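Read through the structure below, which is laid out as structure tokens, and then see the notes.
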Amino acid sequence: QVQLMESGGGSVQAGGSLRLSCVVSGDTDISYCVGWFRQAPGKKREGVASIDSDDGSTTYADSVKGRFTISKDNAKNTFYLQMNSLKPEETAMYYCAADSTACQITTMARVVDALDAWGQGTLVTVSS
């Protein structure tokens with residue numbers, strides 16, 4: 001069982017950048033993948049990017065490819081989402097989630113209600 005806590009959200013103007021962090025605690029010796037998701041008011045939770053904690057392989061939603069980068073620091077049990085060229089429509093609550101089975105972000109998004117653990121979310125606001 002792992003626990004996750006996000007930080008790094010805030011307000012930024014369109015075109016700006018933010019880096020989100022997700023600290024994982026608990027049973028971190030197991031193999032798992034971490035995904036970043038976002039949910040805007042009135043919309044479904046959307047998968048953004050994922051990373052395998054073992055080999056570092058990554059997957060991205062098409063909408064963020066080339067602008068967002070997911071990474072990890074195993075020594076700190078921390079996963080990052082670097083977001084560049086942010087758009088106003090990307091204003092949302094951003095969450096990280098962990099799962100021991102699903103790893104590609106499309107798969108994680110399909111089974112979103114069954115993922116092993118979630119953080120509490122961090123709010124990103126992008127103004128025009």
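As shown in the structure tokens, the chain order sets the letters A, B, ...; within each chain, residues go from 1, and ligands are also counted from 1 in the order they appear.
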
Inset, instruction - Write out as a list in words which residues come within 10 Å of Arg45 of chain A when counting only C-alpha atoms, dropping same-chain ones fewer than 3 positions away. - result: Phe37, Arg38, Gln39, Ala40, Pro41, Gly42, Val48, Ala92, Met93, Tyr94, Tyr95, Ala109 and Val112 of chain A

What's the 12 Å shell around Thr59 of chain A, counting only C-alpha atoms, without same-chain residues fewer than 5 positions away, as a VMD selection string? chain A and resid 33 to 36 47 to 52 64 to 66 68 to 71 102 to 109

Near Met83 of chain A, counting only C-alpha atoms, which residues have an atom at most 7 Å away, once you skip same-chain residues fewer than 2 positions from it, shown as a tab-separated table (two decimals) with all heavy atoms, in the first residue's frame?
```tsv
chain	number	residue	atom	x	y	z
A	17	SER	N	4.86	28.04	-17.18
A	17	SER	CA	5.25	26.69	-16.77
A	17	SER	C	5.01	26.47	-15.28
A	17	SER	O	5.06	27.43	-14.49
A	17	SER	CB	6.75	26.47	-17.06
A	17	SER	OG	7.02	26.57	-18.43
A	18	LEU	N	4.78	25.23	-14.93
A	18	LEU	CA	4.70	24.81	-13.54
A	18	LEU	C	5.30	23.41	-13.44
A	18	LEU	O	5.23	22.64	-14.41
A	18	LEU	CB	3.26	24.76	-13.04
A	18	LEU	CG	2.58	26.05	-12.61
A	18	LEU	CD1	1.12	25.78	-12.29
A	18	LEU	CD2	3.28	26.68	-11.42
A	19	ARG	N	5.83	23.08	-12.28
A	19	ARG	CA	6.27	21.73	-12.02
A	19	ARG	C	5.53	21.18	-10.81
A	19	ARG	O	5.63	21.75	-9.71
A	19	ARG	CB	7.78	21.65	-11.77
A	19	ARG	CG	8.26	20.20	-11.72
A	19	ARG	CD	9.76	20.08	-11.53
A	19	ARG	NE	10.16	20.29	-10.14
A	19	ARG	CZ	11.31	19.85	-9.63
A	19	ARG	NH1	12.17	19.18	-10.38
A	19	ARG	NH2	11.61	20.10	-8.37
A	67	ARG	N	5.00	19.11	-24.61
A	67	ARG	CA	4.90	20.23	-23.66
A	67	ARG	C	5.08	19.79	-22.21
A	67	ARG	O	5.61	20.53	-21.39
A	67	ARG	CB	3.54	20.92	-23.79
A	67	ARG	CG	3.29	21.54	-25.15
A	67	ARG	CD	1.98	22.35	-25.15
A	67	ARG	NE	0.83	21.50	-24.87
A	67	ARG	CZ	0.02	21.68	-23.83
A	67	ARG	NH1	0.23	22.65	-22.98
A	67	ARG	NH2	-1.01	20.87	-23.65
A	68	PHE	N	4.62	18.59	-21.88
A	68	PHE	CA	4.71	18.08	-20.52
A	68	PHE	C	5.77	16.98	-20.46
A	68	PHE	O	5.94	16.21	-21.41
A	68	PHE	CB	3.39	17.48	-20.06
A	68	PHE	CG	2.29	18.48	-19.80
A	68	PHE	CD1	2.37	19.80	-20.23
A	68	PHE	CD2	1.15	18.10	-19.10
A	68	PHE	CE1	1.36	20.71	-19.98
A	68	PHE	CE2	0.12	18.99	-18.85
A	68	PHE	CZ	0.23	20.30	-19.30
A	69	THR	N	6.44	16.89	-19.33
A	69	THR	CA	7.43	15.84	-19.12
A	69	THR	C	7.23	15.24	-17.74
A	69	THR	O	7.22	15.98	-16.74
A	69	THR	CB	8.86	16.38	-19.24
A	69	THR	OG1	9.05	16.98	-20.52
A	69	THR	CG2	9.87	15.25	-19.06
A	81	LEU	N	5.83	16.32	-12.70
A	81	LEU	CA	5.20	16.64	-13.98
A	81	LEU	C	5.59	18.07	-14.31
A	81	LEU	O	5.09	19.02	-13.69
A	81	LEU	CB	3.68	16.49	-13.92
A	81	LEU	CG	2.98	16.71	-15.26
A	81	LEU	CD1	3.32	15.57	-16.24
A	81	LEU	CD2	1.46	16.80	-15.07
A	85	SER	N	4.27	25.69	-21.63
A	85	SER	CA	3.31	26.22	-22.61
A	85	SER	C	1.88	25.93	-22.19
A	85	SER	O	1.06	25.45	-22.99
A	85	SER	CB	3.58	25.64	-24.00
A	85	SER	OG	4.89	25.91	-24.41
A	86	LEU	N	1.56	26.22	-20.96
A	86	LEU	CA	0.24	25.92	-20.43
A	86	LEU	C	-0.83	26.76	-21.10
A	86	LEU	O	-0.61	27.92	-21.49
A	86	LEU	CB	0.22	26.14	-18.92
A	86	LEU	CG	0.86	24.99	-18.11
A	86	LEU	CD1	1.22	25.47	-16.71
A	86	LEU	CD2	-0.10	23.81	-18.05
```

Quiz prompt | Distance criterion (only C-alpha atoms): nearest to Gln3 of chain A out of A:Ala75, A:Ala114, A:Ala98, A:Ile30 | solution =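 With only C-alpha atoms as the atom set, the closest residue is A:Ala98.
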
For atom CA of Ser100 of chain A and atom CA of Val124 of chain A, determine how far apart the two atoms are, in Å to one decimal place.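 Taking atom CA of Ser100 of chain A and atom CA of Val124 of chain A, their separation equals 27.0 Å.
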
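Shortest atom-to-atom contact with Ala97 of chain A among A:Ser128, A:Ser21, A:Leu4, A:Asp29: A:Leu4, counting only C-alpha atoms.
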
Could you tell me, as a PDB file with N, CA, C and O atoms, in the first residue's frame, which residues of segment 24-128 of chain A DSSP assigns to strand (DSSP E or B) when given the backbone?
```pdb
ATOM      1  N   VAL A  24       5.647   9.801  -2.896  1.00  0.00           N
ATOM      2  CA  VAL A  24       5.059   8.499  -2.605  1.00  0.00           C
ATOM      3  C   VAL A  24       5.673   7.957  -1.317  1.00  0.00           C
ATOM      4  O   VAL A  24       6.889   7.963  -1.144  1.00  0.00           O
ATOM      5  N   SER A  25       4.829   7.500  -0.418  1.00  0.00           N
ATOM      6  CA  SER A  25       5.301   6.911   0.839  1.00  0.00           C
ATOM      7  C   SER A  25       4.600   5.580   1.057  1.00  0.00           C
ATOM      8  O   SER A  25       3.659   5.225   0.357  1.00  0.00           O
ATOM      9  N   GLY A  26       5.079   4.856   2.055  1.00  0.00           N
ATOM     10  CA  GLY A  26       4.500   3.545   2.339  1.00  0.00           C
ATOM     11  C   GLY A  26       5.349   2.440   1.755  1.00  0.00           C
ATOM     12  O   GLY A  26       6.573   2.504   1.810  1.00  0.00           O
ATOM     13  N   CYS A  33       3.442   1.942 -11.101  1.00  0.00           N
ATOM     14  CA  CYS A  33       3.501   3.051 -12.048  1.00  0.00           C
ATOM     15  C   CYS A  33       2.740   4.222 -11.455  1.00  0.00           C
ATOM     16  O   CYS A  33       1.770   4.032 -10.700  1.00  0.00           O
ATOM     17  N   VAL A  34       3.173   5.393 -11.783  1.00  0.00           N
ATOM     18  CA  VAL A  34       2.512   6.618 -11.332  1.00  0.00           C
ATOM     19  C   VAL A  34       1.962   7.358 -12.538  1.00  0.00           C
ATOM     20  O   VAL A  34       2.651   7.518 -13.544  1.00  0.00           O
ATOM     21  N   GLY A  35       0.733   7.757 -12.416  1.00  0.00           N
ATOM     22  CA  GLY A  35       0.110   8.538 -13.475  1.00  0.00           C
ATOM     23  C   GLY A  35      -0.326   9.880 -12.956  1.00  0.00           C
ATOM     24  O   GLY A  35      -0.690  10.017 -11.779  1.00  0.00           O
ATOM     25  N   TRP A  36      -0.289  10.873 -13.832  1.00  0.00           N
ATOM     26  CA  TRP A  36      -0.856  12.182 -13.528  1.00  0.00           C
ATOM     27  C   TRP A  36      -2.171  12.323 -14.268  1.00  0.00           C
ATOM     28  O   TRP A  36      -2.257  11.999 -15.458  1.00  0.00           O
ATOM     29  N   PHE A  37      -3.159  12.824 -13.577  1.00  0.00           N
ATOM     30  CA  PHE A  37      -4.487  13.044 -14.117  1.00  0.00           C
ATOM     31  C   PHE A  37      -4.904  14.481 -13.830  1.00  0.00           C
ATOM     32  O   PHE A  37      -4.376  15.124 -12.938  1.00  0.00           O
ATOM     33  N   ARG A  38      -5.894  14.949 -14.549  1.00  0.00           N
ATOM     34  CA  ARG A  38      -6.465  16.257 -14.256  1.00  0.00           C
ATOM     35  C   ARG A  38      -7.970  16.187 -14.447  1.00  0.00           C
ATOM     36  O   ARG A  38      -8.490  15.409 -15.244  1.00  0.00           O
ATOM     37  N   GLN A  39      -8.639  17.043 -13.684  1.00  0.00           N
ATOM     38  CA  GLN A  39     -10.091  17.109 -13.773  1.00  0.00           C
ATOM     39  C   GLN A  39     -10.525  18.553 -13.637  1.00  0.00           C
ATOM     40  O   GLN A  39     -10.303  19.184 -12.590  1.00  0.00           O
ATOM     41  N   GLU A  46      -9.088  13.142 -16.635  1.00  0.00           N
ATOM     42  CA  GLU A  46      -8.347  12.867 -17.864  1.00  0.00           C
ATOM     43  C   GLU A  46      -6.919  12.425 -17.533  1.00  0.00           C
ATOM     44  O   GLU A  46      -6.247  13.078 -16.724  1.00  0.00           O
ATOM     45  N   GLY A  47      -6.473  11.360 -18.166  1.00  0.00           N
ATOM     46  CA  GLY A  47      -5.086  10.936 -17.979  1.00  0.00           C
ATOM     47  C   GLY A  47      -4.142  11.836 -18.744  1.00  0.00           C
ATOM     48  O   GLY A  47      -4.406  12.174 -19.894  1.00  0.00           O
ATOM     49  N   VAL A  48      -3.032  12.205 -18.110  1.00  0.00           N
ATOM     50  CA  VAL A  48      -2.092  13.137 -18.724  1.00  0.00           C
ATOM     51  C   VAL A  48      -0.787  12.448 -19.086  1.00  0.00           C
ATOM     52  O   VAL A  48      -0.327  12.545 -20.219  1.00  0.00           O
ATOM     53  N   ALA A  49      -0.178  11.754 -18.129  1.00  0.00           N
ATOM     54  CA  ALA A  49       1.120  11.110 -18.354  1.00  0.00           C
ATOM     55  C   ALA A  49       1.336  10.043 -17.300  1.00  0.00           C
ATOM     56  O   ALA A  49       0.765  10.113 -16.212  1.00  0.00           O
ATOM     57  N   SER A  50       2.194   9.071 -17.636  1.00  0.00           N
ATOM     58  CA  SER A  50       2.505   8.023 -16.664  1.00  0.00           C
ATOM     59  C   SER A  50       3.971   7.637 -16.779  1.00  0.00           C
ATOM     60  O   SER A  50       4.614   7.855 -17.817  1.00  0.00           O
ATOM     61  N   ILE A  51       4.471   7.014 -15.695  1.00  0.00           N
ATOM     62  CA  ILE A  51       5.857   6.581 -15.674  1.00  0.00           C
ATOM     63  C   ILE A  51       5.977   5.315 -14.848  1.00  0.00           C
ATOM     64  O   ILE A  51       5.294   5.159 -13.828  1.00  0.00           O
ATOM     65  N   ASP A  52       6.834   4.407 -15.300  1.00  0.00           N
ATOM     66  CA  ASP A  52       7.099   3.170 -14.588  1.00  0.00           C
ATOM     67  C   ASP A  52       8.197   3.445 -13.549  1.00  0.00           C
ATOM     68  O   ASP A  52       9.267   3.943 -13.897  1.00  0.00           O
ATOM     69  N   THR A  58       7.841   6.016 -20.109  1.00  0.00           N
ATOM     70  CA  THR A  58       6.791   7.027 -19.979  1.00  0.00           C
ATOM     71  C   THR A  58       5.781   6.936 -21.105  1.00  0.00           C
ATOM     72  O   THR A  58       6.084   6.462 -22.207  1.00  0.00           O
ATOM     73  N   THR A  59       4.564   7.389 -20.815  1.00  0.00           N
ATOM     74  CA  THR A  59       3.541   7.551 -21.842  1.00  0.00           C
ATOM     75  C   THR A  59       2.829   8.871 -21.601  1.00  0.00           C
ATOM     76  O   THR A  59       2.778   9.353 -20.456  1.00  0.00           O
ATOM     77  N   TYR A  60       2.290   9.450 -22.661  1.00  0.00           N
ATOM     78  CA  TYR A  60       1.643  10.759 -22.585  1.00  0.00           C
ATOM     79  C   TYR A  60       0.339  10.767 -23.359  1.00  0.00           C
ATOM     80  O   TYR A  60       0.200  10.087 -24.379  1.00  0.00           O
ATOM     81  N   PHE A  68       4.619  18.593 -21.881  1.00  0.00           N
ATOM     82  CA  PHE A  68       4.715  18.077 -20.518  1.00  0.00           C
ATOM     83  C   PHE A  68       5.774  16.981 -20.463  1.00  0.00           C
ATOM     84  O   PHE A  68       5.939  16.214 -21.412  1.00  0.00           O
ATOM     85  N   THR A  69       6.444  16.889 -19.333  1.00  0.00           N
ATOM     86  CA  THR A  69       7.428  15.837 -19.119  1.00  0.00           C
ATOM     87  C   THR A  69       7.234  15.238 -17.735  1.00  0.00           C
ATOM     88  O   THR A  69       7.219  15.978 -16.735  1.00  0.00           O
ATOM     89  N   ILE A  70       7.081  13.928 -17.699  1.00  0.00           N
ATOM     90  CA  ILE A  70       6.973  13.220 -16.426  1.00  0.00           C
ATOM     91  C   ILE A  70       8.338  12.614 -16.112  1.00  0.00           C
ATOM     92  O   ILE A  70       9.035  12.124 -17.004  1.00  0.00           O
ATOM     93  N   SER A  71       8.731  12.675 -14.851  1.00  0.00           N
ATOM     94  CA  SER A  71      10.029  12.152 -14.453  1.00  0.00           C
ATOM     95  C   SER A  71       9.967  11.666 -13.011  1.00  0.00           C
ATOM     96  O   SER A  71       8.935  11.846 -12.333  1.00  0.00           O
ATOM     97  N   LYS A  72      11.062  11.073 -12.541  1.00  0.00           N
ATOM     98  CA  LYS A  72      11.066  10.536 -11.188  1.00  0.00           C
ATOM     99  C   LYS A  72      12.435  10.695 -10.558  1.00  0.00           C
ATOM    100  O   LYS A  72      13.451  10.748 -11.256  1.00  0.00           O
ATOM    101  N   ASP A  73      12.437  10.775  -9.257  1.00  0.00           N
ATOM    102  CA  ASP A  73      13.655  10.760  -8.463  1.00  0.00           C
ATOM    103  C   ASP A  73      13.477   9.634  -7.459  1.00  0.00           C
ATOM    104  O   ASP A  73      12.810   9.817  -6.420  1.00  0.00           O
ATOM    105  N   THR A  78       9.872  10.537  -5.356  1.00  0.00           N
ATOM    106  CA  THR A  78       9.098  11.675  -5.840  1.00  0.00           C
ATOM    107  C   THR A  78       8.992  11.629  -7.357  1.00  0.00           C
ATOM    108  O   THR A  78       9.972  11.330  -8.052  1.00  0.00           O
ATOM    109  N   PHE A  79       7.810  11.922  -7.840  1.00  0.00           N
ATOM    110  CA  PHE A  79       7.520  11.937  -9.264  1.00  0.00           C
ATOM    111  C   PHE A  79       7.108  13.352  -9.634  1.00  0.00           C
ATOM    112  O   PHE A  79       6.415  14.027  -8.859  1.00  0.00           O
ATOM    113  N   TYR A  80       7.532  13.781 -10.825  1.00  0.00           N
ATOM    114  CA  TYR A  80       7.316  15.163 -11.234  1.00  0.00           C
ATOM    115  C   TYR A  80       6.525  15.224 -12.531  1.00  0.00           C
ATOM    116  O   TYR A  80       6.588  14.320 -13.362  1.00  0.00           O
ATOM    117  N   LEU A  81       5.831  16.319 -12.696  1.00  0.00           N
ATOM    118  CA  LEU A  81       5.202  16.638 -13.978  1.00  0.00           C
ATOM    119  C   LEU A  81       5.595  18.074 -14.312  1.00  0.00           C
ATOM    120  O   LEU A  81       5.089  19.016 -13.690  1.00  0.00           O
ATOM    121  N   GLN A  82       6.501  18.221 -15.258  1.00  0.00           N
ATOM    122  CA  GLN A  82       6.892  19.529 -15.750  1.00  0.00           C
ATOM    123  C   GLN A  82       5.930  19.931 -16.850  1.00  0.00           C
ATOM    124  O   GLN A  82       5.801  19.210 -17.848  1.00  0.00           O
ATOM    125  N   MET A  83       5.269  21.048 -16.679  1.00  0.00           N
ATOM    126  CA  MET A  83       4.255  21.492 -17.628  1.00  0.00           C
ATOM    127  C   MET A  83       4.694  22.821 -18.222  1.00  0.00           C
ATOM    128  O   MET A  83       4.859  23.807 -17.492  1.00  0.00           O
ATOM    129  N   ALA A  92      -7.286  23.032 -13.982  1.00  0.00           N
ATOM    130  CA  ALA A  92      -7.909  21.828 -13.437  1.00  0.00           C
ATOM    131  C   ALA A  92      -7.259  21.477 -12.113  1.00  0.00           C
ATOM    132  O   ALA A  92      -6.214  22.031 -11.741  1.00  0.00           O
ATOM    133  N   MET A  93      -7.876  20.539 -11.417  1.00  0.00           N
ATOM    134  CA  MET A  93      -7.222  19.891 -10.290  1.00  0.00           C
ATOM    135  C   MET A  93      -6.388  18.756 -10.868  1.00  0.00           C
ATOM    136  O   MET A  93      -6.893  17.967 -11.666  1.00  0.00           O
ATOM    137  N   TYR A  94      -5.124  18.731 -10.475  1.00  0.00           N
ATOM    138  CA  TYR A  94      -4.220  17.697 -10.955  1.00  0.00           C
ATOM    139  C   TYR A  94      -3.955  16.697  -9.827  1.00  0.00           C
ATOM    140  O   TYR A  94      -3.678  17.086  -8.684  1.00  0.00           O
ATOM    141  N   TYR A  95      -4.050  15.431 -10.188  1.00  0.00           N
ATOM    142  CA  TYR A  95      -3.881  14.349  -9.227  1.00  0.00           C
ATOM    143  C   TYR A  95      -2.793  13.388  -9.700  1.00  0.00           C
ATOM    144  O   TYR A  95      -2.647  13.164 -10.901  1.00  0.00           O
ATOM    145  N   CYS A  96      -2.090  12.792  -8.776  1.00  0.00           N
ATOM    146  CA  CYS A  96      -1.260  11.651  -9.121  1.00  0.00           C
ATOM    147  C   CYS A  96      -1.885  10.391  -8.530  1.00  0.00           C
ATOM    148  O   CYS A  96      -2.588  10.445  -7.512  1.00  0.00           O
ATOM    149  N   ALA A  97      -1.662   9.302  -9.210  1.00  0.00           N
ATOM    150  CA  ALA A  97      -2.192   8.010  -8.795  1.00  0.00           C
ATOM    151  C   ALA A  97      -1.130   6.943  -9.029  1.00  0.00           C
ATOM    152  O   ALA A  97      -0.288   7.080  -9.912  1.00  0.00           O
ATOM    153  N   ALA A  98      -1.197   5.883  -8.234  1.00  0.00           N
ATOM    154  CA  ALA A  98      -0.266   4.774  -8.367  1.00  0.00           C
ATOM    155  C   ALA A  98      -1.021   3.476  -8.568  1.00  0.00           C
ATOM    156  O   ALA A  98      -2.121   3.307  -8.026  1.00  0.00           O
ATOM    157  N   ASP A  99      -0.419   2.600  -9.349  1.00  0.00           N
ATOM    158  CA  ASP A  99      -1.031   1.296  -9.564  1.00  0.00           C
ATOM    159  C   ASP A  99       0.051   0.263  -9.816  1.00  0.00           C
ATOM    160  O   ASP A  99       1.032   0.550 -10.491  1.00  0.00           O
ATOM    161  N   ALA A 117      -4.075   3.784  -5.557  1.00  0.00           N
ATOM    162  CA  ALA A 117      -3.976   4.898  -4.609  1.00  0.00           C
ATOM    163  C   ALA A 117      -3.989   6.226  -5.347  1.00  0.00           C
ATOM    164  O   ALA A 117      -3.501   6.316  -6.480  1.00  0.00           O
ATOM    165  N   TRP A 118      -4.514   7.239  -4.670  1.00  0.00           N
ATOM    166  CA  TRP A 118      -4.612   8.591  -5.218  1.00  0.00           C
ATOM    167  C   TRP A 118      -4.100   9.607  -4.199  1.00  0.00           C
ATOM    168  O   TRP A 118      -4.225   9.408  -2.984  1.00  0.00           O
ATOM    169  N   THR A 122      -3.808  18.873  -6.535  1.00  0.00           N
ATOM    170  CA  THR A 122      -3.257  20.218  -6.437  1.00  0.00           C
ATOM    171  C   THR A 122      -3.833  21.034  -7.585  1.00  0.00           C
ATOM    172  O   THR A 122      -3.916  20.558  -8.707  1.00  0.00           O
ATOM    173  N   LEU A 123      -4.254  22.257  -7.290  1.00  0.00           N
ATOM    174  CA  LEU A 123      -4.985  23.060  -8.261  1.00  0.00           C
ATOM    175  C   LEU A 123      -4.031  23.859  -9.147  1.00  0.00           C
ATOM    176  O   LEU A 123      -3.145  24.554  -8.652  1.00  0.00           O
ATOM    177  N   VAL A 124      -4.256  23.764 -10.447  1.00  0.00           N
ATOM    178  CA  VAL A 124      -3.521  24.554 -11.438  1.00  0.00           C
ATOM    179  C   VAL A 124      -4.507  25.480 -12.136  1.00  0.00           C
ATOM    180  O   VAL A 124      -5.517  25.020 -12.663  1.00  0.00           O
ATOM    181  N   THR A 125      -4.203  26.761 -12.114  1.00  0.00           N
ATOM    182  CA  THR A 125      -5.041  27.757 -12.767  1.00  0.00           C
ATOM    183  C   THR A 125      -4.207  28.482 -13.806  1.00  0.00           C
ATOM    184  O   THR A 125      -3.169  29.057 -13.483  1.00  0.00           O
ATOM    185  N   VAL A 126      -4.669  28.453 -15.051  1.00  0.00           N
ATOM    186  CA  VAL A 126      -3.966  29.110 -16.148  1.00  0.00           C
ATOM    187  C   VAL A 126      -4.846  30.236 -16.667  1.00  0.00           C
ATOM    188  O   VAL A 126      -5.947  29.994 -17.150  1.00  0.00           O
ATOM    189  N   SER A 127      -4.352  31.446 -16.567  1.00  0.00           N
ATOM    190  CA  SER A 127      -5.142  32.602 -16.986  1.00  0.00           C
ATOM    191  C   SER A 127      -4.703  33.062 -18.377  1.00  0.00           C
ATOM    192  O   SER A 127      -3.544  32.924 -18.761  1.00  0.00           O
TER     193      SER A 127
END
```

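Ranking A:Asn84, A:Val23, A:Asn74, A:Ala14 by their shortest atom-to-atom distance to Val2 of chain A, with only C-alpha atoms included, puts A:Val23 first.
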